[in-house]
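Novice: PDB, C-alpha atoms, saved as start38.pdb, coming up:
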```pdb
ATOM      1  CA  MET U   1     -21.723  19.126  54.261
ATOM      2  CA  PRO U   2     -24.872  20.915  55.469
ATOM      3  CA  GLY U   3     -28.002  20.267  53.463
ATOM      4  CA  GLN U   4     -26.759  16.934  52.088
ATOM      5  CA  SER U   5     -28.414  13.669  52.872
ATOM      6  CA  ASP U   6     -26.857  11.441  55.529
ATOM      7  CA  VAL U   7     -27.193   8.528  53.110
ATOM      8  CA  ASP U   8     -23.910   7.529  51.487
ATOM      9  CA  PRO U   9     -24.616   6.912  47.773
ATOM     10  CA  LEU U  10     -21.804   4.341  47.674
ATOM     11  CA  VAL U  11     -23.387   2.166  50.382
ATOM     12  CA  PRO U  12     -26.201   0.005  48.963
ATOM     13  CA  ARG U  13     -29.523   0.345  50.772
ATOM     14  CA  ALA U  14     -31.864  -2.577  51.313
ATOM     15  CA  GLY U  15     -34.627  -2.585  48.734
ATOM     16  CA  VAL U  16     -38.247  -3.180  49.645
ATOM     17  CA  ALA U  17     -38.251  -6.431  47.640
ATOM     18  CA  ASN U  18     -35.981  -8.433  49.918
ATOM     19  CA  VAL U  19     -36.293 -11.820  51.614
ATOM     20  CA  ALA U  20     -37.375 -10.387  54.982
ATOM     21  CA  ASN U  21     -40.184  -8.325  53.452
ATOM     22  CA  VAL U  22     -41.282 -11.242  51.269
ATOM     23  CA  LEU U  23     -41.660 -13.332  54.451
ATOM     24  CA  THR U  24     -43.729 -10.547  56.024
ATOM     25  CA  GLY U  25     -45.864 -10.325  52.881
ATOM     26  CA  LEU U  26     -46.313 -14.099  52.909
ATOM     27  CA  ARG U  27     -47.615 -13.868  56.483
ATOM     28  CA  ILE U  28     -50.199 -11.285  55.400
ATOM     29  CA  VAL U  29     -51.266 -13.491  52.458
ATOM     30  CA  LEU U  30     -51.589 -16.513  54.769
ATOM     31  CA  VAL U  31     -54.183 -14.757  56.978
ATOM     32  CA  PRO U  32     -57.143 -15.227  54.572
ATOM     33  CA  VAL U  33     -55.895 -18.732  53.711
ATOM     34  CA  PHE U  34     -55.882 -19.565  57.429
ATOM     35  CA  LEU U  35     -59.399 -18.151  57.893
ATOM     36  CA  ALA U  36     -60.716 -20.074  54.892
ATOM     37  CA  ALA U  37     -59.385 -23.345  56.327
ATOM     38  CA  LEU U  38     -60.678 -22.498  59.806
ATOM     39  CA  PHE U  39     -64.245 -21.883  58.601
ATOM     40  CA  VAL U  40     -64.642 -24.778  56.136
ATOM     41  CA  ALA U  41     -68.072 -26.384  56.587
ATOM     42  CA  ASP U  42     -69.079 -25.795  60.219
ATOM     43  CA  GLY U  43     -65.580 -24.842  61.340
ATOM     44  CA  HIS U  44     -65.193 -28.015  63.369
ATOM     45  CA  GLN U  45     -64.044 -30.627  60.872
ATOM     46  CA  THR U  46     -60.869 -32.238  62.190
ATOM     47  CA  TYR U  47     -59.062 -32.329  58.842
ATOM     48  CA  TRP U  48     -59.621 -28.621  58.128
ATOM     49  CA  ARG U  49     -58.762 -27.586  61.689
ATOM     50  CA  VAL U  50     -55.414 -29.368  61.287
ATOM     51  CA  VAL U  51     -54.927 -27.602  57.933
ATOM     52  CA  ALA U  52     -55.754 -24.262  59.608
ATOM     53  CA  PHE U  53     -53.223 -25.062  62.340
ATOM     54  CA  ILE U  54     -50.512 -25.840  59.767
ATOM     55  CA  VAL U  55     -51.172 -22.536  57.943
ATOM     56  CA  PHE U  56     -51.180 -20.631  61.268
ATOM     57  CA  ALA U  57     -47.937 -22.333  62.352
ATOM     58  CA  ALA U  58     -46.286 -21.524  59.006
ATOM     59  CA  ALA U  59     -47.285 -17.863  59.387
ATOM     60  CA  VAL U  60     -45.939 -17.747  62.963
ATOM     61  CA  ILE U  61     -42.662 -19.297  61.788
ATOM     62  CA  THR U  62     -42.258 -16.577  59.143
ATOM     63  CA  ASP U  63     -42.535 -14.068  61.999
ATOM     64  CA  ARG U  64     -39.621 -15.756  63.764
ATOM     65  CA  PHE U  65     -37.456 -15.474  60.654
ATOM     66  CA  ASP U  66     -38.272 -12.176  58.925
ATOM     67  CA  GLY U  67     -36.882  -9.935  61.667
ATOM     68  CA  ALA U  68     -33.799 -12.095  62.183
ATOM     69  CA  VAL U  69     -33.069 -12.145  58.445
ATOM     70  CA  ALA U  70     -33.601  -8.377  58.165
ATOM     71  CA  ARG U  71     -31.192  -7.623  61.011
ATOM     72  CA  SER U  72     -28.577 -10.236  60.095
ATOM     73  CA  TYR U  73     -28.346  -9.268  56.434
ATOM     74  CA  ASP U  74     -28.959  -5.520  56.775
ATOM     75  CA  MET U  75     -32.372  -5.720  55.086
ATOM     76  CA  VAL U  76     -34.252  -3.506  57.535
ATOM     77  CA  THR U  77     -36.591  -1.168  55.633
ATOM     78  CA  GLU U  78     -39.259   1.330  56.609
ATOM     79  CA  PHE U  79     -41.802  -0.891  54.865
ATOM     80  CA  GLY U  80     -40.710  -3.856  56.979
ATOM     81  CA  LYS U  81     -40.913  -1.865  60.205
ATOM     82  CA  LEU U  82     -44.494  -0.914  59.345
ATOM     83  CA  ALA U  83     -45.690  -4.156  57.731
ATOM     84  CA  ASP U  84     -44.293  -6.605  60.313
ATOM     85  CA  PRO U  85     -46.443  -5.528  63.287
ATOM     86  CA  ILE U  86     -49.479  -5.186  60.994
ATOM     87  CA  ALA U  87     -48.954  -8.767  59.800
ATOM     88  CA  ASP U  88     -48.565  -9.981  63.403
ATOM     89  CA  LYS U  89     -51.729  -8.283  64.609
ATOM     90  CA  ALA U  90     -53.694  -9.380  61.534
ATOM     91  CA  LEU U  91     -52.763 -13.023  62.126
ATOM     92  CA  ILE U  92     -53.359 -13.039  65.895
ATOM     93  CA  GLY U  93     -56.524 -10.949  65.573
ATOM     94  CA  ALA U  94     -57.948 -13.144  62.807
ATOM     95  CA  ALA U  95     -57.268 -16.293  64.837
ATOM     96  CA  LEU U  96     -58.790 -14.911  68.056
ATOM     97  CA  ILE U  97     -61.881 -13.498  66.356
ATOM     98  CA  GLY U  98     -62.317 -16.667  64.285
ATOM     99  CA  LEU U  99     -62.080 -18.926  67.338
ATOM    100  CA  SER U 100     -64.548 -16.741  69.245
ATOM    101  CA  MET U 101     -66.988 -16.740  66.312
ATOM    102  CA  LEU U 102     -66.825 -20.546  66.289
ATOM    103  CA  GLY U 103     -67.503 -20.651  70.037
ATOM    104  CA  ASP U 104     -64.125 -22.229  70.841
ATOM    105  CA  LEU U 105     -62.752 -19.250  72.755
ATOM    106  CA  PRO U 106     -64.740 -16.855  74.963
ATOM    107  CA  TRP U 107     -65.086 -13.345  73.520
ATOM    108  CA  TRP U 108     -63.649 -11.766  76.668
ATOM    109  CA  VAL U 109     -60.278 -13.442  75.952
ATOM    110  CA  THR U 110     -60.274 -12.002  72.444
ATOM    111  CA  VAL U 111     -61.250  -8.548  73.711
ATOM    112  CA  VAL U 112     -58.551  -8.486  76.436
ATOM    113  CA  ILE U 113     -55.776  -9.543  74.066
ATOM    114  CA  LEU U 114     -56.817  -7.319  71.166
ATOM    115  CA  ALA U 115     -57.427  -4.293  73.427
ATOM    116  CA  ARG U 116     -53.875  -4.640  74.748
ATOM    117  CA  GLU U 117     -52.410  -4.992  71.250
ATOM    118  CA  ILE U 118     -54.278  -1.957  69.917
ATOM    119  CA  GLY U 119     -53.479   0.025  73.069
ATOM    120  CA  VAL U 120     -49.737  -0.685  72.907
ATOM    121  CA  THR U 121     -49.655   0.183  69.216
ATOM    122  CA  GLY U 122     -51.383   3.481  70.011
ATOM    123  CA  LEU U 123     -48.906   4.173  72.822
ATOM    124  CA  ARG U 124     -45.968   3.563  70.519
ATOM    125  CA  PHE U 125     -47.303   6.100  68.028
ATOM    126  CA  ALA U 126     -48.225   8.590  70.776
ATOM    127  CA  VAL U 127     -44.696   8.765  72.186
ATOM    128  CA  LEU U 128     -42.834   8.341  68.887
ATOM    129  CA  ARG U 129     -41.310  11.829  69.093
ATOM    130  CA  GLY U 130     -39.851  11.060  72.513
ATOM    131  CA  GLY U 131     -38.331   7.774  71.409
ATOM    132  CA  VAL U 132     -39.147   4.303  70.217
ATOM    133  CA  ILE U 133     -40.436   1.805  72.757
ATOM    134  CA  PRO U 134     -38.664  -1.436  71.826
ATOM    135  CA  ALA U 135     -40.199  -4.849  72.324
ATOM    136  CA  SER U 136     -39.303  -6.061  75.801
ATOM    137  CA  ARG U 137     -38.354  -9.606  76.734
ATOM    138  CA  GLY U 138     -41.736  -9.921  78.393
ATOM    139  CA  GLY U 139     -43.424  -8.719  75.215
ATOM    140  CA  LYS U 140     -41.543 -11.283  73.141
ATOM    141  CA  LEU U 141     -42.429 -14.038  75.629
ATOM    142  CA  LYS U 142     -46.067 -12.892  75.535
ATOM    143  CA  THR U 143     -46.099 -13.167  71.748
ATOM    144  CA  LEU U 144     -44.645 -16.680  71.845
ATOM    145  CA  VAL U 145     -47.052 -17.925  74.536
ATOM    146  CA  GLN U 146     -50.015 -16.323  72.723
ATOM    147  CA  ALA U 147     -49.051 -18.013  69.458
ATOM    148  CA  VAL U 148     -48.661 -21.448  71.075
ATOM    149  CA  ALA U 149     -51.906 -21.112  73.057
ATOM    150  CA  ILE U 150     -53.878 -19.932  70.018
ATOM    151  CA  GLY U 151     -52.348 -22.722  67.933
ATOM    152  CA  LEU U 152     -53.534 -25.291  70.471
ATOM    153  CA  PHE U 153     -57.055 -23.843  70.387
ATOM    154  CA  ILE U 154     -57.061 -24.147  66.594
ATOM    155  CA  LEU U 155     -56.406 -27.880  66.906
ATOM    156  CA  PRO U 156     -59.436 -30.067  67.720
ATOM    157  CA  LEU U 157     -58.250 -30.948  71.240
ATOM    158  CA  GLN U 158     -60.227 -32.564  74.033
ATOM    159  CA  GLY U 159     -59.687 -33.733  77.600
ATOM    160  CA  GLN U 160     -56.296 -33.096  79.166
ATOM    161  CA  TRP U 161     -54.944 -31.585  75.954
ATOM    162  CA  LEU U 162     -57.656 -28.926  76.048
ATOM    163  CA  THR U 163     -56.901 -28.336  79.739
ATOM    164  CA  GLY U 164     -53.243 -27.800  78.804
ATOM    165  CA  ALA U 165     -54.312 -25.351  76.099
ATOM    166  CA  TRP U 166     -56.303 -23.399  78.708
ATOM    167  CA  VAL U 167     -53.285 -23.305  81.060
ATOM    168  CA  LEU U 168     -51.217 -21.758  78.274
ATOM    169  CA  MET U 169     -54.021 -19.361  77.350
ATOM    170  CA  TRP U 170     -54.243 -18.154  80.958
ATOM    171  CA  ALA U 171     -50.460 -17.638  80.934
ATOM    172  CA  ALA U 172     -50.854 -15.640  77.715
ATOM    173  CA  ILE U 173     -53.620 -13.526  79.256
ATOM    174  CA  VAL U 174     -51.512 -12.768  82.359
ATOM    175  CA  LEU U 175     -48.475 -11.899  80.210
ATOM    176  CA  THR U 176     -50.699  -9.763  77.959
ATOM    177  CA  VAL U 177     -51.960  -7.680  80.898
ATOM    178  CA  VAL U 178     -48.602  -7.440  82.725
ATOM    179  CA  THR U 179     -46.638  -6.433  79.625
ATOM    180  CA  GLY U 180     -49.404  -3.997  78.680
ATOM    181  CA  VAL U 181     -49.012  -2.251  82.038
ATOM    182  CA  ASP U 182     -45.218  -2.293  81.580
ATOM    183  CA  TYR U 183     -45.556  -0.610  78.170
ATOM    184  CA  LEU U 184     -47.882   1.982  79.711
ATOM    185  CA  VAL U 185     -45.305   2.818  82.409
ATOM    186  CA  THR U 186     -42.504   2.944  79.831
ATOM    187  CA  ALA U 187     -44.559   5.198  77.549
ATOM    188  CA  PHE U 188     -45.259   7.547  80.458
ATOM    189  CA  ARG U 189     -41.529   7.766  81.221
ATOM    190  CA  VAL U 190     -40.658   8.398  77.559
ATOM    191  CA  ALA U 191     -43.363  11.087  77.312
ATOM    192  CA  ARG U 192     -42.086  12.823  80.471
ATOM    193  CA  ALA U 193     -38.496  12.736  79.212
TER     194      ALA U 193
END
```
Here is a file; write its structure as structure tokens.
Specialist:
Amino acid sequence: MPGQSDVDPLVPRAGVANVANVLTGLRIVLVPVFLAALFVADGHQTYWRVVAFIVFAAAVITDRFDGAVARSYDMVTEFGKLADPIADKALIGAALIGLSMLGDLPWWVTVVILAREIGVTGLRFAVLRGGVIPASRGGKLKTLVQAVAIGLFILPLQGQWLTGAWVLMWAAIVLTVVTGVDYLVTAFRVARA
């Protein structure tokens, strides 16, 4: 009937306080905990760097599960759609900026990755009326490689292990730029349509 809501009152809607959103909220709460562990003393004590890595890894794991749980159990909410990418960017941004402040990662790496993340977020909002730009396979791969590379830089690695971390970081940088260009092209197509 015209004027009525499309929501069926007999079908239960997912509430904001559900498992998926709790996982997203936990990831947001873990960001300051991660930073506190990362910066203990001079920021280069092995024990605390391992603790920071464990907190970072736990936060990344929640990211793997919250979306899957939301989709599998019909818990997708507007809050979750908004909070999830904010939590992701807060965690990755905090880790990159923290590592650069400690001198463990050049600032240009942090700037390239964060500029892409902010740019893609802006593009998504700019073309929202024309359609949603979903995360591509490349974008999901980029996120995974970024998380692993950043995690390795959090650990107090040396020698060949540090070289391996740099190989992964370079892969993350390449994926960051390539997927950023892909999102730009997709946004242009959506805007034209």
Novice: Which neighbours of Ile113 of chain U fall inside 10 Å, counting only C-alpha atoms, when residues of the same chain fewer than 4 positions from it are skipped, and could you give them as number ranges by chain?
Specialist: U: 92-93, 96, 108-109, 117-119, 146, 172-177, 180
Novice: Could you write those residues out with C-alpha atoms, as a JSON list (two decimals), in the coordinates of the input?
Specialist:
```json
[["chain", "number", "residue", "atom", "x", "y", "z"],
["U", 92, "ILE", "CA", -53.36, -13.04, 65.90],
["U", 93, "GLY", "CA", -56.52, -10.95, 65.57],
["U", 96, "LEU", "CA", -58.79, -14.91, 68.06],
["U", 108, "TRP", "CA", -63.65, -11.77, 76.67],
["U", 109, "VAL", "CA", -60.28, -13.44, 75.95],
["U", 117, "GLU", "CA", -52.41, -4.99, 71.25],
["U", 118, "ILE", "CA", -54.28, -1.96, 69.92],
["U", 119, "GLY", "CA", -53.48, 0.02, 73.07],
["U", 146, "GLN", "CA", -50.02, -16.32, 72.72],
["U", 172, "ALA", "CA", -50.85, -15.64, 77.72],
["U", 173, "ILE", "CA", -53.62, -13.53, 79.26],
["U", 174, "VAL", "CA", -51.51, -12.77, 82.36],
["U", 175, "LEU", "CA", -48.48, -11.90, 80.21],
["U", 176, "THR", "CA", -50.70, -9.76, 77.96],
["U", 177, "VAL", "CA", -51.96, -7.68, 80.90],
["U", 180, "GLY", "CA", -49.40, -4.00, 78.68]]
```
Novice: On this file, the PyMOL selection byres ((chain U and resi 43) around 12) gives some set of residues; write that set as a PDB file with C-alpha atoms, in the coordinates of the input.
Specialist:
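Written output follows (selection_11.pdb):
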```pdb
ATOM      1  CA  PHE U  34     -55.882 -19.565  57.429  1.00  0.00           C
ATOM      2  CA  LEU U  35     -59.399 -18.151  57.893  1.00  0.00           C
ATOM      3  CA  ALA U  36     -60.716 -20.074  54.892  1.00  0.00           C
ATOM      4  CA  ALA U  37     -59.385 -23.345  56.327  1.00  0.00           C
ATOM      5  CA  LEU U  38     -60.678 -22.498  59.806  1.00  0.00           C
ATOM      6  CA  PHE U  39     -64.245 -21.883  58.601  1.00  0.00           C
ATOM      7  CA  VAL U  40     -64.642 -24.778  56.136  1.00  0.00           C
ATOM      8  CA  ALA U  41     -68.072 -26.384  56.587  1.00  0.00           C
ATOM      9  CA  ASP U  42     -69.079 -25.795  60.219  1.00  0.00           C
ATOM     10  CA  HIS U  44     -65.193 -28.015  63.369  1.00  0.00           C
ATOM     11  CA  GLN U  45     -64.044 -30.627  60.872  1.00  0.00           C
ATOM     12  CA  THR U  46     -60.869 -32.238  62.190  1.00  0.00           C
ATOM     13  CA  TYR U  47     -59.062 -32.329  58.842  1.00  0.00           C
ATOM     14  CA  TRP U  48     -59.621 -28.621  58.128  1.00  0.00           C
ATOM     15  CA  ARG U  49     -58.762 -27.586  61.689  1.00  0.00           C
ATOM     16  CA  VAL U  50     -55.414 -29.368  61.287  1.00  0.00           C
ATOM     17  CA  VAL U  51     -54.927 -27.602  57.933  1.00  0.00           C
ATOM     18  CA  ALA U  52     -55.754 -24.262  59.608  1.00  0.00           C
ATOM     19  CA  GLY U  98     -62.317 -16.667  64.285  1.00  0.00           C
ATOM     20  CA  LEU U  99     -62.080 -18.926  67.338  1.00  0.00           C
ATOM     21  CA  SER U 100     -64.548 -16.741  69.245  1.00  0.00           C
ATOM     22  CA  MET U 101     -66.988 -16.740  66.312  1.00  0.00           C
ATOM     23  CA  LEU U 102     -66.825 -20.546  66.289  1.00  0.00           C
ATOM     24  CA  GLY U 103     -67.503 -20.651  70.037  1.00  0.00           C
ATOM     25  CA  ASP U 104     -64.125 -22.229  70.841  1.00  0.00           C
ATOM     26  CA  ILE U 154     -57.061 -24.147  66.594  1.00  0.00           C
ATOM     27  CA  LEU U 155     -56.406 -27.880  66.906  1.00  0.00           C
ATOM     28  CA  PRO U 156     -59.436 -30.067  67.720  1.00  0.00           C
TER      29      PRO U 156
END
```
Novice: From the set U:Tyr183, U:Trp170, U:Phe65, U:Trp107, which residue has the shortest atom-to-atom contact distance to Arg137 of chain U, counting all atoms listed in the file?
Specialist: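 Under the stated criterion, the closest residue is U:Tyr183.
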Novice: With all atoms listed in the file as the atoms that count, which of U:Arg27, U:Arg64, U:Arg124, U:Arg116 lies nearest to Val178 of chain U?
Specialist: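 Of the candidates, the smallest distance to Val178 of chain U is held by U:Arg116.
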Novice: Can you work out which one of U:Ala20, U:Asp63, U:Leu162, U:Ala95 has the shortest atom-to-atom distance to Lys140 of chain U, counting all atoms listed in the file?
Specialist: U:Asp63
Novice: Could you check the closest approach to Leu152 of chain U for each of U:Ala126, U:Val69, U:Val167, U:Ala87 and tell me which residue wins, using only C-alpha atoms?
Specialist: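 Result for the nearest residue to Leu152 of chain U: U:Val167.
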Novice: One decimal, in Å: what's the spacing between atom CA of Trp161 of chain U and atom CA of Asp88 of chain U?
Specialist: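 Between these atoms lies a distance of 25.8 Å.
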Novice: If I take atom CA of Ala90 of chain U and atom CA of Val19 of chain U, how far is one from the other in Å, to one decimal?
Specialist: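 Interatomic distance here is 20.2 Å.
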Novice: When distances are computed from all atoms listed in the file, which of U:Val148, U:Ala94, U:Ala187, U:Leu141 shows the smallest separation from Pro32 of chain U?
Specialist: U:Ala94
Novice: Between atom CA of Phe188 of chain U and atom CA of Ala171 of chain U, what distance in Å does the model show, to one decimal?
Specialist: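 Value for the atom CA of Phe188 of chain U-atom CA of Ala171 of chain U distance: 25.7 Å.
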Novice: Using all atoms listed in the file, which of the listed residues (U:Val111, U:Val33, U:Leu157, U:Leu144) sits closest to Val60 of chain U?
Specialist: U:Leu144
Novice: How would you write, as an mmCIF file with C-alpha atoms, in the coordinates of the input, the residues chosen by the PyMOL selection byres ((chain U and resi 22-25) around 7) on this structure?
Specialist:
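Output file expr-v5.cif is given in full below:
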```cif
data_model
loop_
_atom_site.group_PDB
_atom_site.id
_atom_site.type_symbol
_atom_site.label_atom_id
_atom_site.label_comp_id
_atom_site.auth_asym_id
_atom_site.auth_seq_id
_atom_site.Cartn_x
_atom_site.Cartn_y
_atom_site.Cartn_z
ATOM 1 C CA ALA U 17 -38.251 -6.431 47.640
ATOM 2 C CA ASN U 18 -35.981 -8.433 49.918
ATOM 3 C CA VAL U 19 -36.293 -11.820 51.614
ATOM 4 C CA ALA U 20 -37.375 -10.387 54.982
ATOM 5 C CA ASN U 21 -40.184 -8.325 53.452
ATOM 6 C CA LEU U 26 -46.313 -14.099 52.909
ATOM 7 C CA ARG U 27 -47.615 -13.868 56.483
ATOM 8 C CA ILE U 28 -50.199 -11.285 55.400
ATOM 9 C CA VAL U 29 -51.266 -13.491 52.458
ATOM 10 C CA THR U 62 -42.258 -16.577 59.143
ATOM 11 C CA ASP U 66 -38.272 -12.176 58.925
ATOM 12 C CA ALA U 83 -45.690 -4.156 57.731
ATOM 13 C CA ASP U 84 -44.293 -6.605 60.313
ATOM 14 C CA ALA U 87 -48.954 -8.767 59.800
#
```
Novice: Missing atoms in segment 142-162 of chain U need filling: write out N, CA, C and O atoms for it as an mmCIF file, in the coordinates of the input.
Specialist:
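For reference, out-v7.cif as written:
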```cif
data_model
loop_
_atom_site.group_PDB
_atom_site.id
_atom_site.type_symbol
_atom_site.label_atom_id
_atom_site.label_comp_id
_atom_site.auth_asym_id
_atom_site.auth_seq_id
_atom_site.Cartn_x
_atom_site.Cartn_y
_atom_site.Cartn_z
ATOM 1 N N LYS U 142 -44.611 -12.970 75.681
ATOM 2 C CA LYS U 142 -46.067 -12.892 75.535
ATOM 3 C C LYS U 142 -46.484 -13.321 74.131
ATOM 4 O O LYS U 142 -47.406 -14.113 73.960
ATOM 5 N N THR U 143 -45.777 -12.830 73.132
ATOM 6 C CA THR U 143 -46.099 -13.167 71.748
ATOM 7 C C THR U 143 -45.946 -14.666 71.492
ATOM 8 O O THR U 143 -46.805 -15.285 70.857
ATOM 9 N N LEU U 144 -44.880 -15.246 72.014
ATOM 10 C CA LEU U 144 -44.645 -16.680 71.845
ATOM 11 C C LEU U 144 -45.735 -17.513 72.532
ATOM 12 O O LEU U 144 -46.309 -18.425 71.921
ATOM 13 N N VAL U 145 -46.043 -17.167 73.792
ATOM 14 C CA VAL U 145 -47.052 -17.925 74.536
ATOM 15 C C VAL U 145 -48.423 -17.764 73.889
ATOM 16 O O VAL U 145 -49.187 -18.731 73.772
ATOM 17 N N GLN U 146 -48.745 -16.546 73.436
ATOM 18 C CA GLN U 146 -50.015 -16.323 72.723
ATOM 19 C C GLN U 146 -50.102 -17.216 71.493
ATOM 20 O O GLN U 146 -51.122 -17.863 71.261
ATOM 21 N N ALA U 147 -49.037 -17.236 70.701
ATOM 22 C CA ALA U 147 -49.051 -18.013 69.458
ATOM 23 C C ALA U 147 -49.239 -19.503 69.740
ATOM 24 O O ALA U 147 -50.031 -20.174 69.061
ATOM 25 N N VAL U 148 -48.537 -20.017 70.739
ATOM 26 C CA VAL U 148 -48.661 -21.448 71.075
ATOM 27 C C VAL U 148 -50.064 -21.744 71.595
ATOM 28 O O VAL U 148 -50.704 -22.727 71.183
ATOM 29 N N ALA U 149 -50.562 -20.894 72.493
ATOM 30 C CA ALA U 149 -51.906 -21.112 73.057
ATOM 31 C C ALA U 149 -52.975 -21.058 71.970
ATOM 32 O O ALA U 149 -53.848 -21.928 71.898
ATOM 33 N N ILE U 150 -52.901 -20.056 71.100
ATOM 34 C CA ILE U 150 -53.878 -19.932 70.018
ATOM 35 C C ILE U 150 -53.774 -21.141 69.086
ATOM 36 O O ILE U 150 -54.785 -21.707 68.667
ATOM 37 N N GLY U 151 -52.544 -21.548 68.782
ATOM 38 C CA GLY U 151 -52.348 -22.722 67.933
ATOM 39 C C GLY U 151 -53.003 -23.959 68.519
ATOM 40 O O GLY U 151 -53.636 -24.736 67.790
ATOM 41 N N LEU U 152 -52.900 -24.134 69.828
ATOM 42 C CA LEU U 152 -53.534 -25.291 70.471
ATOM 43 C C LEU U 152 -55.054 -25.209 70.387
ATOM 44 O O LEU U 152 -55.726 -26.223 70.214
ATOM 45 N N PHE U 153 -55.601 -23.998 70.496
ATOM 46 C CA PHE U 153 -57.055 -23.843 70.387
ATOM 47 C C PHE U 153 -57.543 -24.079 68.958
ATOM 48 O O PHE U 153 -58.699 -24.447 68.749
ATOM 49 N N ILE U 154 -56.681 -23.869 67.983
ATOM 50 C CA ILE U 154 -57.061 -24.147 66.594
ATOM 51 C C ILE U 154 -57.204 -25.659 66.383
ATOM 52 O O ILE U 154 -58.099 -26.115 65.678
ATOM 53 N N LEU U 155 -56.326 -26.419 67.020
ATOM 54 C CA LEU U 155 -56.406 -27.880 66.906
ATOM 55 C C LEU U 155 -57.664 -28.401 67.597
ATOM 56 O O LEU U 155 -58.112 -27.837 68.591
ATOM 57 N N PRO U 156 -58.226 -29.502 67.101
ATOM 58 C CA PRO U 156 -59.436 -30.067 67.720
ATOM 59 C C PRO U 156 -59.081 -30.911 68.955
ATOM 60 O O PRO U 156 -59.140 -32.138 68.923
ATOM 61 N N LEU U 157 -58.694 -30.250 70.035
ATOM 62 C CA LEU U 157 -58.250 -30.948 71.240
ATOM 63 C C LEU U 157 -59.405 -31.195 72.204
ATOM 64 O O LEU U 157 -60.362 -30.425 72.251
ATOM 65 N N GLN U 158 -59.243 -32.249 72.995
ATOM 66 C CA GLN U 158 -60.227 -32.564 74.033
ATOM 67 C C GLN U 158 -59.491 -33.057 75.269
ATOM 68 O O GLN U 158 -58.300 -33.353 75.226
ATOM 69 N N GLY U 159 -60.222 -33.154 76.371
ATOM 70 C CA GLY U 159 -59.687 -33.733 77.600
ATOM 71 C C GLY U 159 -58.505 -32.972 78.160
ATOM 72 O O GLY U 159 -58.518 -31.737 78.224
ATOM 73 N N GLN U 160 -57.469 -33.708 78.542
ATOM 74 C CA GLN U 160 -56.296 -33.096 79.166
ATOM 75 C C GLN U 160 -55.555 -32.161 78.219
ATOM 76 O O GLN U 160 -54.946 -31.190 78.650
ATOM 77 N N TRP U 161 -55.594 -32.471 76.927
ATOM 78 C CA TRP U 161 -54.944 -31.585 75.954
ATOM 79 C C TRP U 161 -55.610 -30.207 75.937
ATOM 80 O O TRP U 161 -54.931 -29.180 75.879
ATOM 81 N N LEU U 162 -56.928 -30.201 76.013
ATOM 82 C CA LEU U 162 -57.656 -28.926 76.048
ATOM 83 C C LEU U 162 -57.376 -28.191 77.360
ATOM 84 O O LEU U 162 -57.227 -26.964 77.368
#
```
